[in-house]
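Asker: Just so it is clear, I am handing over upload.pdb, which has PDB, C-alpha atoms.
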ATOM      1  CA  ARG X   1     -21.270  -3.198 -17.228
ATOM      2  CA  LYS X   2     -23.209  -0.606 -19.137
ATOM      3  CA  GLU X   3     -21.814   1.631 -21.808
ATOM      4  CA  VAL X   4     -20.530   5.143 -22.175
ATOM      5  CA  GLU X   5     -20.502   6.602 -25.664
ATOM      6  CA  GLN X   6     -18.679   9.541 -27.194
ATOM      7  CA  ASP X   7     -18.291  10.935 -30.692
ATOM      8  CA  PRO X   8     -14.656  10.131 -31.557
ATOM      9  CA  GLY X   9     -14.276  13.249 -33.739
ATOM     10  CA  PRO X  10     -11.877  14.730 -34.522
ATOM     11  CA  PHE X  11     -13.348  18.108 -33.809
ATOM     12  CA  ASN X  12     -11.205  20.528 -35.798
ATOM     13  CA  VAL X  13     -11.671  24.130 -34.609
ATOM     14  CA  PRO X  14      -9.809  27.435 -34.944
ATOM     15  CA  GLU X  15      -8.251  29.178 -31.977
ATOM     16  CA  GLY X  16     -10.818  31.202 -30.081
ATOM     17  CA  ALA X  17     -13.745  28.992 -31.017
ATOM     18  CA  THR X  18     -16.235  27.495 -28.608
ATOM     19  CA  VAL X  19     -16.623  23.733 -28.834
ATOM     20  CA  ALA X  20     -18.863  21.279 -26.997
ATOM     21  CA  PHE X  21     -18.729  17.518 -26.557
ATOM     22  CA  ASN X  22     -21.422  15.211 -25.259
ATOM     23  CA  CYS X  23     -21.159  11.821 -23.645
ATOM     24  CA  THR X  24     -24.122   9.503 -23.148
ATOM     25  CA  TYR X  25     -24.335   6.782 -20.523
ATOM     26  CA  SER X  26     -26.749   3.883 -20.246
ATOM     27  CA  ASN X  27     -26.728   3.056 -16.508
ATOM     28  CA  SER X  28     -29.350   5.283 -14.936
ATOM     29  CA  ALA X  29     -28.037   4.436 -11.452
ATOM     30  CA  SER X  30     -24.637   6.025 -12.171
ATOM     31  CA  GLN X  31     -23.515   8.327  -9.401
ATOM     32  CA  SER X  32     -20.390  10.199 -10.384
ATOM     33  CA  PHE X  33     -19.103  11.653 -13.607
ATOM     34  CA  PHE X  34     -15.777  12.992 -14.782
ATOM     35  CA  TRP X  35     -13.977  14.432 -17.769
ATOM     36  CA  TYR X  36     -10.343  13.416 -18.253
ATOM     37  CA  ARG X  37      -7.876  14.864 -20.714
ATOM     38  CA  GLN X  38      -5.278  12.729 -22.478
ATOM     39  CA  ASP X  39      -2.446  14.257 -24.487
ATOM     40  CA  CYS X  40      -0.800  12.246 -27.231
ATOM     41  CA  ARG X  41       1.312   9.413 -25.776
ATOM     42  CA  LYS X  42       0.581  10.528 -22.218
ATOM     43  CA  GLU X  43      -1.596   9.201 -19.433
ATOM     44  CA  PRO X  44      -5.133  10.489 -18.806
ATOM     45  CA  LYS X  45      -5.448  13.216 -16.210
ATOM     46  CA  LEU X  46      -8.527  14.510 -14.465
ATOM     47  CA  LEU X  47      -9.875  17.655 -16.094
ATOM     48  CA  MET X  48     -12.955  18.131 -13.956
ATOM     49  CA  SER X  49     -15.700  16.404 -12.054
ATOM     50  CA  VAL X  50     -19.287  16.858 -13.163
ATOM     51  CA  TYR X  51     -21.794  17.714 -10.468
ATOM     52  CA  SER X  52     -25.562  17.754 -10.648
ATOM     53  CA  SER X  53     -25.441  21.536 -10.440
ATOM     54  CA  GLY X  54     -22.808  21.793 -13.157
ATOM     55  CA  ASN X  55     -19.181  22.760 -12.772
ATOM     56  CA  GLU X  56     -17.170  25.612 -14.237
ATOM     57  CA  ASP X  57     -13.390  26.018 -14.212
ATOM     58  CA  GLY X  58     -12.159  28.963 -16.214
ATOM     59  CA  ARG X  59     -12.907  28.308 -19.882
ATOM     60  CA  PHE X  60     -14.317  24.850 -19.175
ATOM     61  CA  THR X  61     -17.901  24.082 -18.190
ATOM     62  CA  ALA X  62     -19.260  20.614 -17.497
ATOM     63  CA  GLN X  63     -22.929  19.774 -17.112
ATOM     64  CA  LEU X  64     -24.989  16.725 -16.240
ATOM     65  CA  ASN X  65     -28.404  15.928 -17.644
ATOM     66  CA  ARG X  66     -29.758  12.969 -15.672
ATOM     67  CA  ALA X  67     -33.102  12.885 -17.452
ATOM     68  CA  SER X  68     -31.462  12.352 -20.837
ATOM     69  CA  GLN X  69     -28.439  10.532 -19.384
ATOM     70  CA  TYR X  70     -25.639  12.581 -20.811
ATOM     71  CA  ILE X  71     -22.848  14.846 -19.669
ATOM     72  CA  SER X  72     -21.343  17.662 -21.646
ATOM     73  CA  LEU X  73     -18.090  19.604 -21.780
ATOM     74  CA  LEU X  74     -17.957  23.121 -23.174
ATOM     75  CA  ILE X  75     -14.637  24.781 -23.972
ATOM     76  CA  ARG X  76     -14.699  28.514 -24.630
ATOM     77  CA  ASP X  77     -11.959  30.542 -26.348
ATOM     78  CA  SER X  78     -10.085  27.407 -27.467
ATOM     79  CA  LYS X  79      -6.289  27.448 -27.257
ATOM     80  CA  LEU X  80      -3.793  25.437 -29.280
ATOM     81  CA  SER X  81      -2.861  23.709 -26.018
ATOM     82  CA  ASP X  82      -6.422  22.370 -25.677
ATOM     83  CA  SER X  83      -5.672  19.895 -28.466
ATOM     84  CA  ALA X  84      -6.040  16.492 -26.831
ATOM     85  CA  THR X  85      -8.432  13.586 -26.422
ATOM     86  CA  TYR X  86     -11.213  14.122 -23.877
ATOM     87  CA  LEU X  87     -12.422  11.037 -22.046
ATOM     88  CA  CYS X  88     -15.768  10.767 -20.333
ATOM     89  CA  VAL X  89     -15.892   8.563 -17.216
ATOM     90  CA  VAL X  90     -18.967   7.329 -15.400
ATOM     91  CA  ASN X  91     -18.849   5.632 -11.975
ATOM     92  CA  GLY X  92     -21.129   3.885  -9.571
ATOM     93  CA  GLY X  93     -24.503   2.363 -10.171
ATOM     94  CA  GLY X  94     -23.628  -0.788  -8.270
ATOM     95  CA  SER X  95     -20.051  -1.221  -9.414
ATOM     96  CA  TYR X  96     -16.654  -0.147  -8.093
ATOM     97  CA  ILE X  97     -15.417  -0.062 -11.639
ATOM     98  CA  PRO X  98     -15.487   3.194 -13.599
ATOM     99  CA  THR X  99     -16.543   3.033 -17.225
ATOM    100  CA  PHE X 100     -14.563   5.036 -19.764
ATOM    101  CA  GLY X 101     -15.781   6.347 -23.075
ATOM    102  CA  ARG X 102     -13.437   5.918 -26.035
ATOM    103  CA  GLY X 103     -12.694   9.623 -26.103
ATOM    104  CA  THR X 104     -13.287  12.627 -28.345
ATOM    105  CA  SER X 105     -10.341  14.063 -30.222
ATOM    106  CA  LEU X 106     -10.016  17.863 -30.353
ATOM    107  CA  ILE X 107      -7.630  19.650 -32.686
ATOM    108  CA  VAL X 108      -7.309  23.404 -32.297
ATOM    109  CA  HIS X 109      -5.555  25.081 -35.237
ATOM    110  CA  PRO X 110      -4.157  28.603 -35.647
TER     111      PRO X 110
ATOM    112  CA  ASP P   1       0.673  15.164  -5.131
ATOM    113  CA  VAL P   2      -0.362  11.603  -5.867
ATOM    114  CA  LYS P   3       2.297   9.679  -7.664
ATOM    115  CA  VAL P   4       1.766   6.468  -9.597
ATOM    116  CA  THR P   5       4.891   4.962 -11.095
ATOM    117  CA  GLN P   6       5.325   2.096 -13.518
ATOM    118  CA  SER P   7       8.458   0.002 -13.732
ATOM    119  CA  SER P   8       9.226   0.649 -17.402
ATOM    120  CA  ARG P   9       8.203   3.200 -20.050
ATOM    121  CA  TYR P  10       9.145   0.916 -22.941
ATOM    122  CA  LEU P  11       9.542  -2.855 -23.018
ATOM    123  CA  VAL P  12      10.299  -5.281 -25.832
ATOM    124  CA  LYS P  13       9.720  -8.988 -25.256
ATOM    125  CA  ARG P  14       9.576 -12.132 -27.351
ATOM    126  CA  THR P  15       6.570 -14.371 -27.886
ATOM    127  CA  GLY P  16       6.234 -16.898 -25.073
ATOM    128  CA  GLU P  17       8.177 -14.898 -22.487
ATOM    129  CA  LYS P  18       6.722 -14.224 -19.052
ATOM    130  CA  VAL P  19       6.354 -10.491 -18.550
ATOM    131  CA  PHE P  20       5.979  -8.565 -15.302
ATOM    132  CA  LEU P  21       4.677  -5.008 -15.222
ATOM    133  CA  GLU P  22       4.823  -3.276 -11.872
ATOM    134  CA  CYS P  23       2.887  -0.338 -10.561
ATOM    135  CA  VAL P  24       3.455   1.525  -7.303
ATOM    136  CA  GLN P  25       1.370   4.297  -5.767
ATOM    137  CA  ASP P  26       2.370   6.434  -2.811
ATOM    138  CA  MET P  27      -0.987   7.725  -1.558
ATOM    139  CA  ASP P  28      -2.321   4.748   0.386
ATOM    140  CA  HIS P  29      -5.117   4.190  -2.137
ATOM    141  CA  GLU P  30      -7.274   1.116  -1.740
ATOM    142  CA  ASN P  31      -8.178   0.668  -5.402
ATOM    143  CA  MET P  32      -5.736  -0.136  -8.177
ATOM    144  CA  PHE P  33      -6.404  -0.887 -11.829
ATOM    145  CA  TRP P  34      -4.648  -2.210 -14.910
ATOM    146  CA  TYR P  35      -5.813  -1.086 -18.347
ATOM    147  CA  ARG P  36      -4.596  -1.511 -21.860
ATOM    148  CA  GLN P  37      -5.139   1.168 -24.460
ATOM    149  CA  ASP P  38      -5.205   0.519 -28.188
ATOM    150  CA  PRO P  39      -6.040   2.921 -31.044
ATOM    151  CA  GLY P  40      -9.762   3.018 -31.715
ATOM    152  CA  LEU P  41     -10.581   0.804 -28.735
ATOM    153  CA  GLY P  42     -10.031   3.204 -25.871
ATOM    154  CA  LEU P  43      -9.118   2.107 -22.366
ATOM    155  CA  ARG P  44     -10.050  -1.465 -21.544
ATOM    156  CA  LEU P  45      -9.922  -2.773 -17.998
ATOM    157  CA  ILE P  46      -7.862  -5.912 -17.492
ATOM    158  CA  TYR P  47      -7.997  -6.340 -13.707
ATOM    159  CA  PHE P  48      -8.994  -4.373 -10.669
ATOM    160  CA  SER P  49      -8.021  -4.696  -7.006
ATOM    161  CA  TYR P  50      -9.906  -3.059  -4.137
ATOM    162  CA  ASP P  51      -7.712  -4.368  -1.335
ATOM    163  CA  VAL P  52      -4.554  -6.326  -0.658
ATOM    164  CA  LYS P  53      -4.818  -9.849  -2.071
ATOM    165  CA  MET P  54      -8.210  -9.028  -3.600
ATOM    166  CA  LYS P  55      -8.739  -8.874  -7.334
ATOM    167  CA  GLU P  56     -11.557  -8.784  -9.834
ATOM    168  CA  LYS P  57     -11.521  -9.505 -13.525
ATOM    169  CA  GLY P  58     -12.175  -6.634 -15.846
ATOM    170  CA  ASP P  59     -13.336  -6.760 -19.440
ATOM    171  CA  ILE P  60     -10.325  -8.529 -20.955
ATOM    172  CA  PRO P  61      -8.528 -10.686 -18.332
ATOM    173  CA  GLU P  62      -7.616 -13.558 -20.666
ATOM    174  CA  GLY P  63      -3.868 -14.066 -20.904
ATOM    175  CA  TYR P  64      -3.182 -11.912 -17.845
ATOM    176  CA  SER P  65      -2.932 -12.372 -14.101
ATOM    177  CA  VAL P  66      -2.286  -9.925 -11.279
ATOM    178  CA  SER P  67      -0.759  -9.839  -7.835
ATOM    179  CA  ARG P  68      -1.320  -7.452  -4.956
ATOM    180  CA  GLU P  69       0.704  -8.522  -1.944
ATOM    181  CA  LYS P  70       1.152  -4.990  -0.595
ATOM    182  CA  LYS P  71      -1.256  -2.099  -0.676
ATOM    183  CA  GLU P  72       1.013   0.170  -2.689
ATOM    184  CA  ARG P  73       2.012  -2.331  -5.371
ATOM    185  CA  PHE P  74      -0.063  -3.961  -8.111
ATOM    186  CA  SER P  75       1.638  -6.218 -10.632
ATOM    187  CA  LEU P  76       0.362  -7.343 -14.015
ATOM    188  CA  ILE P  77       1.717 -10.637 -15.330
ATOM    189  CA  LEU P  78       1.608 -11.885 -18.891
ATOM    190  CA  GLU P  79       2.128 -15.618 -18.417
ATOM    191  CA  SER P  80       3.161 -16.249 -22.032
ATOM    192  CA  ALA P  81       3.364 -13.060 -24.062
ATOM    193  CA  SER P  82       1.777 -13.024 -27.501
ATOM    194  CA  THR P  83       1.961 -10.484 -30.324
ATOM    195  CA  ASN P  84      -1.654  -9.440 -29.747
ATOM    196  CA  GLN P  85      -0.637  -8.214 -26.307
ATOM    197  CA  THR P  86       1.454  -5.466 -27.873
ATOM    198  CA  SER P  87      -0.141  -2.358 -26.407
ATOM    199  CA  MET P  88       0.102   0.578 -24.019
ATOM    200  CA  TYR P  89      -0.490  -0.596 -20.443
ATOM    201  CA  LEU P  90      -1.733   1.940 -17.925
ATOM    202  CA  CYS P  91      -1.956   1.512 -14.181
ATOM    203  CA  ALA P  92      -4.247   3.673 -12.048
ATOM    204  CA  SER P  93      -5.157   4.054  -8.398
ATOM    205  CA  SER P  94      -8.014   5.701  -6.536
ATOM    206  CA  PRO P  95      -9.076   6.159  -2.924
ATOM    207  CA  SER P  96     -11.718   3.864  -1.486
ATOM    208  CA  GLY P  97     -15.235   4.195  -2.736
ATOM    209  CA  THR P  98     -18.560   2.620  -2.033
ATOM    210  CA  ALA P  99     -20.282   0.589  -4.663
ATOM    211  CA  GLN P 100     -22.164   3.731  -5.586
ATOM    212  CA  ARG P 101     -19.244   6.076  -6.043
ATOM    213  CA  THR P 102     -15.624   5.753  -6.920
ATOM    214  CA  ASP P 103     -13.237   8.613  -6.581
ATOM    215  CA  THR P 104     -10.879  10.147  -9.087
ATOM    216  CA  GLN P 105      -8.354   7.843 -10.689
ATOM    217  CA  TYR P 106      -4.683   8.757 -10.914
ATOM    218  CA  PHE P 107      -2.741   7.176 -13.741
ATOM    219  CA  GLY P 108       0.862   6.154 -14.127
ATOM    220  CA  PRO P 109       2.812   7.214 -17.228
ATOM    221  CA  GLY P 110       2.181   3.917 -19.007
ATOM    222  CA  THR P 111       4.339   1.094 -20.336
ATOM    223  CA  ARG P 112       4.494   0.623 -24.083
ATOM    224  CA  LEU P 113       4.978  -3.119 -24.534
ATOM    225  CA  THR P 114       6.024  -4.623 -27.842
ATOM    226  CA  VAL P 115       5.908  -8.407 -28.223
ATOM    227  CA  LEU P 116       7.913  -9.705 -31.183
TER     228      LEU P 116
END
Turn this file's structure into structure tokens for me.

Answerer:
Amino acid sequence: RKEVEQDPGPFNVPEGATVAFNCTYSNSASQSFFWYRQDCRKEPKLLMSVYSSGNEDGRFTAQLNRASQYISLLIRDSKLSDSATYLCVVNGGGSYIPTFGRGTSLIVHP
Amino acid sequence: DVKVTQSSRYLVKRTGEKVFLECVQDMDHENMFWYRQDPGLGLRLIYFSYDVKMKEKGDIPEGYSVSREKKERFSLILESASTNQTSMYLCASSPSGTAQRTDTQYFGPGTRLTVL
């Protein structure tokens, strides 16, 4: 299976900042894309799906760039509660098995 | 709400013991997965099942086996536990997908296994 790569961070930002993460994938036939959030010592949970047209949910915006094979997650007006690890997941391209990135750590400080 | 439960949150076993980790989902999902998660290595797939009695090896199946006798239950078996199998084990399920797409995964709370 092909790879999914993320900058592990940590990204250390003050409250109120805007922060963006990218995730690159190598399988050009990939069909579906997700961002998951994982809090310390907890299980991953779906944050949002990433559609070709982009996806916005409140302070969070996810985008897909098929030409350059990456997805992005933008968080505006960061809150302390946004501190977590953000996992990029890429599915499809001939496999049932989703491929996870290793995650990007975000720390939001007062 | 989808619920995925795992039999234990914490487990301590001795080297050489046979270990059973159970996972149950209540949403009639076809796909079930077992991962282990270690610091710096991310989530690594051990085994995957897309139907009852069907299984596929993931990236790191050595030292593990699985059983799926019923749709809702997927068991991970460590035949002879070793210290390098100390890890967080996460089970997940997802609805059916084609080879081109796979739907959202729902994770259980995890089992932190320590092998002494």

Asker: Counting only C-alpha atoms, write as a list in words all protein and nucleic acid residues lying at most 7 Å from (-13.9, 19.6, -14.1) in the file's frame.

Answerer: Phe34, Trp35, Leu47, Met48, Ser49, Val50, Asn55, Glu56, Asp57 and Ala62 of chain X

Asker: If you keep C-alpha atoms, can you produce a file of those selected residues as a PDB file, in the coordinates of the input?

Answerer:
ATOM      1  CA  PHE X  34     -15.777  12.992 -14.782  1.00  0.00           C
ATOM      2  CA  TRP X  35     -13.977  14.432 -17.769  1.00  0.00           C
ATOM      3  CA  LEU X  47      -9.875  17.655 -16.094  1.00  0.00           C
ATOM      4  CA  MET X  48     -12.955  18.131 -13.956  1.00  0.00           C
ATOM      5  CA  SER X  49     -15.700  16.404 -12.054  1.00  0.00           C
ATOM      6  CA  VAL X  50     -19.287  16.858 -13.163  1.00  0.00           C
ATOM      7  CA  ASN X  55     -19.181  22.760 -12.772  1.00  0.00           C
ATOM      8  CA  GLU X  56     -17.170  25.612 -14.237  1.00  0.00           C
ATOM      9  CA  ASP X  57     -13.390  26.018 -14.212  1.00  0.00           C
ATOM     10  CA  ALA X  62     -19.260  20.614 -17.497  1.00  0.00           C
TER      11      ALA X  62
END

Asker: For chain X against chain P, which residues fall within 10 Å using all atoms listed in the file, given as an MDAnalysis selection string?

Answerer: chainID X and resid 1 8 29:34 36 41:46 48:49 87 89:103

Asker: Which residue, X:Asn22, X:Ser68, X:Ser28, X:Ser81, has the smallest gap to Gly9 in chain X when you use all atoms listed in the file?

Answerer: X:Asn22

Asker: I'd like the neighbourhood of Ala81 in chain P as a ChimeraX atom specification, where a residue qualifies if any of its atoms comes within 9 Å (using only C-alpha atoms), though same-chain residues fewer than 5 positions away should be ignored.

Answerer: /P:13-19,63,86,115

Asker: Have a look at X:Tyr25, X:Glu5, X:Asp39, X:Gly58 and name the one nearest to Ser105 in chain X; count all atoms listed in the file.

Answerer: X:Asp39

Asker: Find the spatial neighbours of Tyr64 in chain P, counting all atoms listed in the file, within a cut-off of 7 Å - ignore same-chain residues fewer than 3 positions away - and output them as a VMD selection string.

Answerer: chain P and resid 61 76 to 79

Asker: Using the selection just defined, write its residues with C-alpha atoms as a CSV table (one decimal), in the frame of the given file.

Answerer:
chain,number,residue,atom,x,y,z
P,61,PRO,CA,-8.5,-10.7,-18.3
P,76,LEU,CA,0.4,-7.3,-14.0
P,77,ILE,CA,1.7,-10.6,-15.3
P,78,LEU,CA,1.6,-11.9,-18.9
P,79,GLU,CA,2.1,-15.6,-18.4

Asker: Kindly resolve the PyMOL selection byres ((chain P and resi 3) around 8) on the present coordinates and return the residues as a compact mmCIF listing (two decimals) with C-alpha atoms, in the frame of the given file.

Answerer:
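selection_16.txt, written as the output of this step:
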# COMPACT_ATOMS: atom_id res chain seq x y z
CA ASP P 1 0.67 15.16 -5.13
CA VAL P 2 -0.36 11.60 -5.87
CA VAL P 4 1.77 6.47 -9.60
CA THR P 5 4.89 4.96 -11.10
CA GLN P 25 1.37 4.30 -5.77
CA ASP P 26 2.37 6.43 -2.81
CA MET P 27 -0.99 7.72 -1.56
CA TYR P 106 -4.68 8.76 -10.91
CA GLY P 108 0.86 6.15 -14.13

Asker: Please list, as a ChimeraX atom specification, the residues that have an atom at most 12 Å away from (-16.0, 17.3, -37.6) in the coordinates of this file, counting only C-alpha atoms.

Answerer: /X:7-13,19-21,104-108

Asker: Applied to the shown file, which residues does the PyMOL selection byres ((chain X and resi 110) around 8) return, written as a PyMOL selection string?

Answerer: chain X and resi 14-15+80+108-109

Asker: Need the shell around Arg73 in chain P: protein/DNA/RNA residues with any atom at most 6 Å away, counting only C-alpha atoms. Skip same-chain ones fewer than 3 positions apart. Format as a short mmCIF file (atom, residue, chain, number, x, y, z; two decimals) with C-alpha atoms, keeping the file's coordinate frame?

Answerer:
data_model
loop_
_atom_site.label_atom_id
_atom_site.label_comp_id
_atom_site.auth_asym_id
_atom_site.auth_seq_id
_atom_site.Cartn_x
_atom_site.Cartn_y
_atom_site.Cartn_z
CA CYS P 23 2.89 -0.34 -10.56
CA VAL P 24 3.46 1.52 -7.30
CA LYS P 70 1.15 -4.99 -0.60
#

Asker: One decimal, Å: what's the distance from CA of Lys55 in chain P over to CA of Asn27 in chain X, could you say?

Answerer: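 Separation between CA of Lys55 in chain P and CA of Asn27 in chain X: 23.5 Å.
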
Asker: P:Asp28, P:Gln85, P:Pro95, P:Lys57: which is nearest Glu72 in chain P, counting all atoms listed in the file?

Answerer: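 Among the listed residues, the smallest separation from Glu72 in chain P belongs to P:Asp28.
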
Asker: Nearest to Lys53 in chain P among P:Lys71, P:Arg36, P:Arg9, P:His29, with distances taken over all atoms listed in the file: which residue is it?

Answerer: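 Going through P:Lys71, P:Arg36, P:Arg9, P:His29 one by one, the smallest distance to Lys53 in chain P is for P:Lys71.
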
Asker: Using the incomplete input, complete range 22-31 of chain X to the level of all heavy atoms; output as a PDB file, keeping the file's coordinate frame.

Answerer:
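Result went into out-v3.pdb, see below:
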ATOM      1  N   ASN X  22     -20.475  15.935 -26.105  1.00  0.00           N
ATOM      2  CA  ASN X  22     -21.422  15.211 -25.259  1.00  0.00           C
ATOM      3  C   ASN X  22     -20.950  13.787 -25.036  1.00  0.00           C
ATOM      4  O   ASN X  22     -20.156  13.249 -25.817  1.00  0.00           O
ATOM      5  CB  ASN X  22     -22.806  15.166 -25.920  1.00  0.00           C
ATOM      6  CG  ASN X  22     -23.544  16.477 -25.763  1.00  0.00           C
ATOM      7  OD1 ASN X  22     -23.167  17.317 -24.951  1.00  0.00           O
ATOM      8  ND2 ASN X  22     -24.575  16.652 -26.554  1.00  0.00           N
ATOM      9  N   CYS X  23     -21.465  13.208 -23.985  1.00  0.00           N
ATOM     10  CA  CYS X  23     -21.159  11.821 -23.645  1.00  0.00           C
ATOM     11  C   CYS X  23     -22.435  11.216 -23.074  1.00  0.00           C
ATOM     12  O   CYS X  23     -22.991  11.759 -22.113  1.00  0.00           O
ATOM     13  CB  CYS X  23     -20.030  11.801 -22.615  1.00  0.00           C
ATOM     14  SG  CYS X  23     -19.815  10.241 -21.773  1.00  0.00           S
ATOM     15  N   THR X  24     -22.903  10.132 -23.658  1.00  0.00           N
ATOM     16  CA  THR X  24     -24.122   9.503 -23.148  1.00  0.00           C
ATOM     17  C   THR X  24     -23.764   8.257 -22.354  1.00  0.00           C
ATOM     18  O   THR X  24     -22.780   7.574 -22.650  1.00  0.00           O
ATOM     19  CB  THR X  24     -25.078   9.118 -24.302  1.00  0.00           C
ATOM     20  OG1 THR X  24     -24.403   8.194 -25.160  1.00  0.00           O
ATOM     21  CG2 THR X  24     -25.500  10.335 -25.086  1.00  0.00           C
ATOM     22  N   TYR X  25     -24.561   7.974 -21.339  1.00  0.00           N
ATOM     23  CA  TYR X  25     -24.335   6.782 -20.523  1.00  0.00           C
ATOM     24  C   TYR X  25     -25.636   6.013 -20.383  1.00  0.00           C
ATOM     25  O   TYR X  25     -26.724   6.597 -20.422  1.00  0.00           O
ATOM     26  CB  TYR X  25     -23.751   7.153 -19.148  1.00  0.00           C
ATOM     27  CG  TYR X  25     -24.634   8.034 -18.294  1.00  0.00           C
ATOM     28  CD1 TYR X  25     -25.486   7.479 -17.345  1.00  0.00           C
ATOM     29  CD2 TYR X  25     -24.592   9.415 -18.433  1.00  0.00           C
ATOM     30  CE1 TYR X  25     -26.291   8.283 -16.555  1.00  0.00           C
ATOM     31  CE2 TYR X  25     -25.398  10.228 -17.655  1.00  0.00           C
ATOM     32  CZ  TYR X  25     -26.243   9.667 -16.723  1.00  0.00           C
ATOM     33  OH  TYR X  25     -27.037  10.467 -15.945  1.00  0.00           O
ATOM     34  N   SER X  26     -25.535   4.711 -20.214  1.00  0.00           N
ATOM     35  CA  SER X  26     -26.749   3.883 -20.246  1.00  0.00           C
ATOM     36  C   SER X  26     -27.215   3.441 -18.859  1.00  0.00           C
ATOM     37  O   SER X  26     -28.375   3.043 -18.713  1.00  0.00           O
ATOM     38  CB  SER X  26     -26.517   2.654 -21.128  1.00  0.00           C
ATOM     39  OG  SER X  26     -25.435   1.902 -20.636  1.00  0.00           O
ATOM     40  N   ASN X  27     -26.344   3.512 -17.846  1.00  0.00           N
ATOM     41  CA  ASN X  27     -26.728   3.056 -16.508  1.00  0.00           C
ATOM     42  C   ASN X  27     -27.348   4.209 -15.732  1.00  0.00           C
ATOM     43  O   ASN X  27     -26.644   5.107 -15.262  1.00  0.00           O
ATOM     44  CB  ASN X  27     -25.512   2.512 -15.771  1.00  0.00           C
ATOM     45  CG  ASN X  27     -25.867   1.885 -14.429  1.00  0.00           C
ATOM     46  OD1 ASN X  27     -26.982   2.034 -13.939  1.00  0.00           O
ATOM     47  ND2 ASN X  27     -24.919   1.192 -13.832  1.00  0.00           N
ATOM     48  N   SER X  28     -28.656   4.173 -15.585  1.00  0.00           N
ATOM     49  CA  SER X  28     -29.350   5.283 -14.936  1.00  0.00           C
ATOM     50  C   SER X  28     -29.012   5.413 -13.457  1.00  0.00           C
ATOM     51  O   SER X  28     -29.273   6.440 -12.837  1.00  0.00           O
ATOM     52  CB  SER X  28     -30.864   5.118 -15.099  1.00  0.00           C
ATOM     53  OG  SER X  28     -31.293   3.895 -14.512  1.00  0.00           O
ATOM     54  N   ALA X  29     -28.408   4.385 -12.871  1.00  0.00           N
ATOM     55  CA  ALA X  29     -28.037   4.436 -11.452  1.00  0.00           C
ATOM     56  C   ALA X  29     -26.644   5.020 -11.238  1.00  0.00           C
ATOM     57  O   ALA X  29     -26.163   5.075 -10.115  1.00  0.00           O
ATOM     58  CB  ALA X  29     -28.112   3.030 -10.861  1.00  0.00           C
ATOM     59  N   SER X  30     -25.980   5.450 -12.291  1.00  0.00           N
ATOM     60  CA  SER X  30     -24.637   6.025 -12.171  1.00  0.00           C
ATOM     61  C   SER X  30     -24.648   7.209 -11.222  1.00  0.00           C
ATOM     62  O   SER X  30     -25.606   7.984 -11.185  1.00  0.00           O
ATOM     63  CB  SER X  30     -24.119   6.467 -13.541  1.00  0.00           C
ATOM     64  OG  SER X  30     -24.010   5.355 -14.408  1.00  0.00           O
ATOM     65  N   GLN X  31     -23.547   7.341 -10.462  1.00  0.00           N
ATOM     66  CA  GLN X  31     -23.515   8.327  -9.401  1.00  0.00           C
ATOM     67  C   GLN X  31     -22.512   9.449  -9.611  1.00  0.00           C
ATOM     68  O   GLN X  31     -22.710  10.555  -9.136  1.00  0.00           O
ATOM     69  CB  GLN X  31     -23.179   7.642  -8.072  1.00  0.00           C
ATOM     70  CG  GLN X  31     -24.257   6.691  -7.595  1.00  0.00           C
ATOM     71  CD  GLN X  31     -25.507   7.422  -7.175  1.00  0.00           C
ATOM     72  OE1 GLN X  31     -25.442   8.434  -6.496  1.00  0.00           O
ATOM     73  NE2 GLN X  31     -26.658   6.924  -7.611  1.00  0.00           N
TER      74      GLN X  31
END
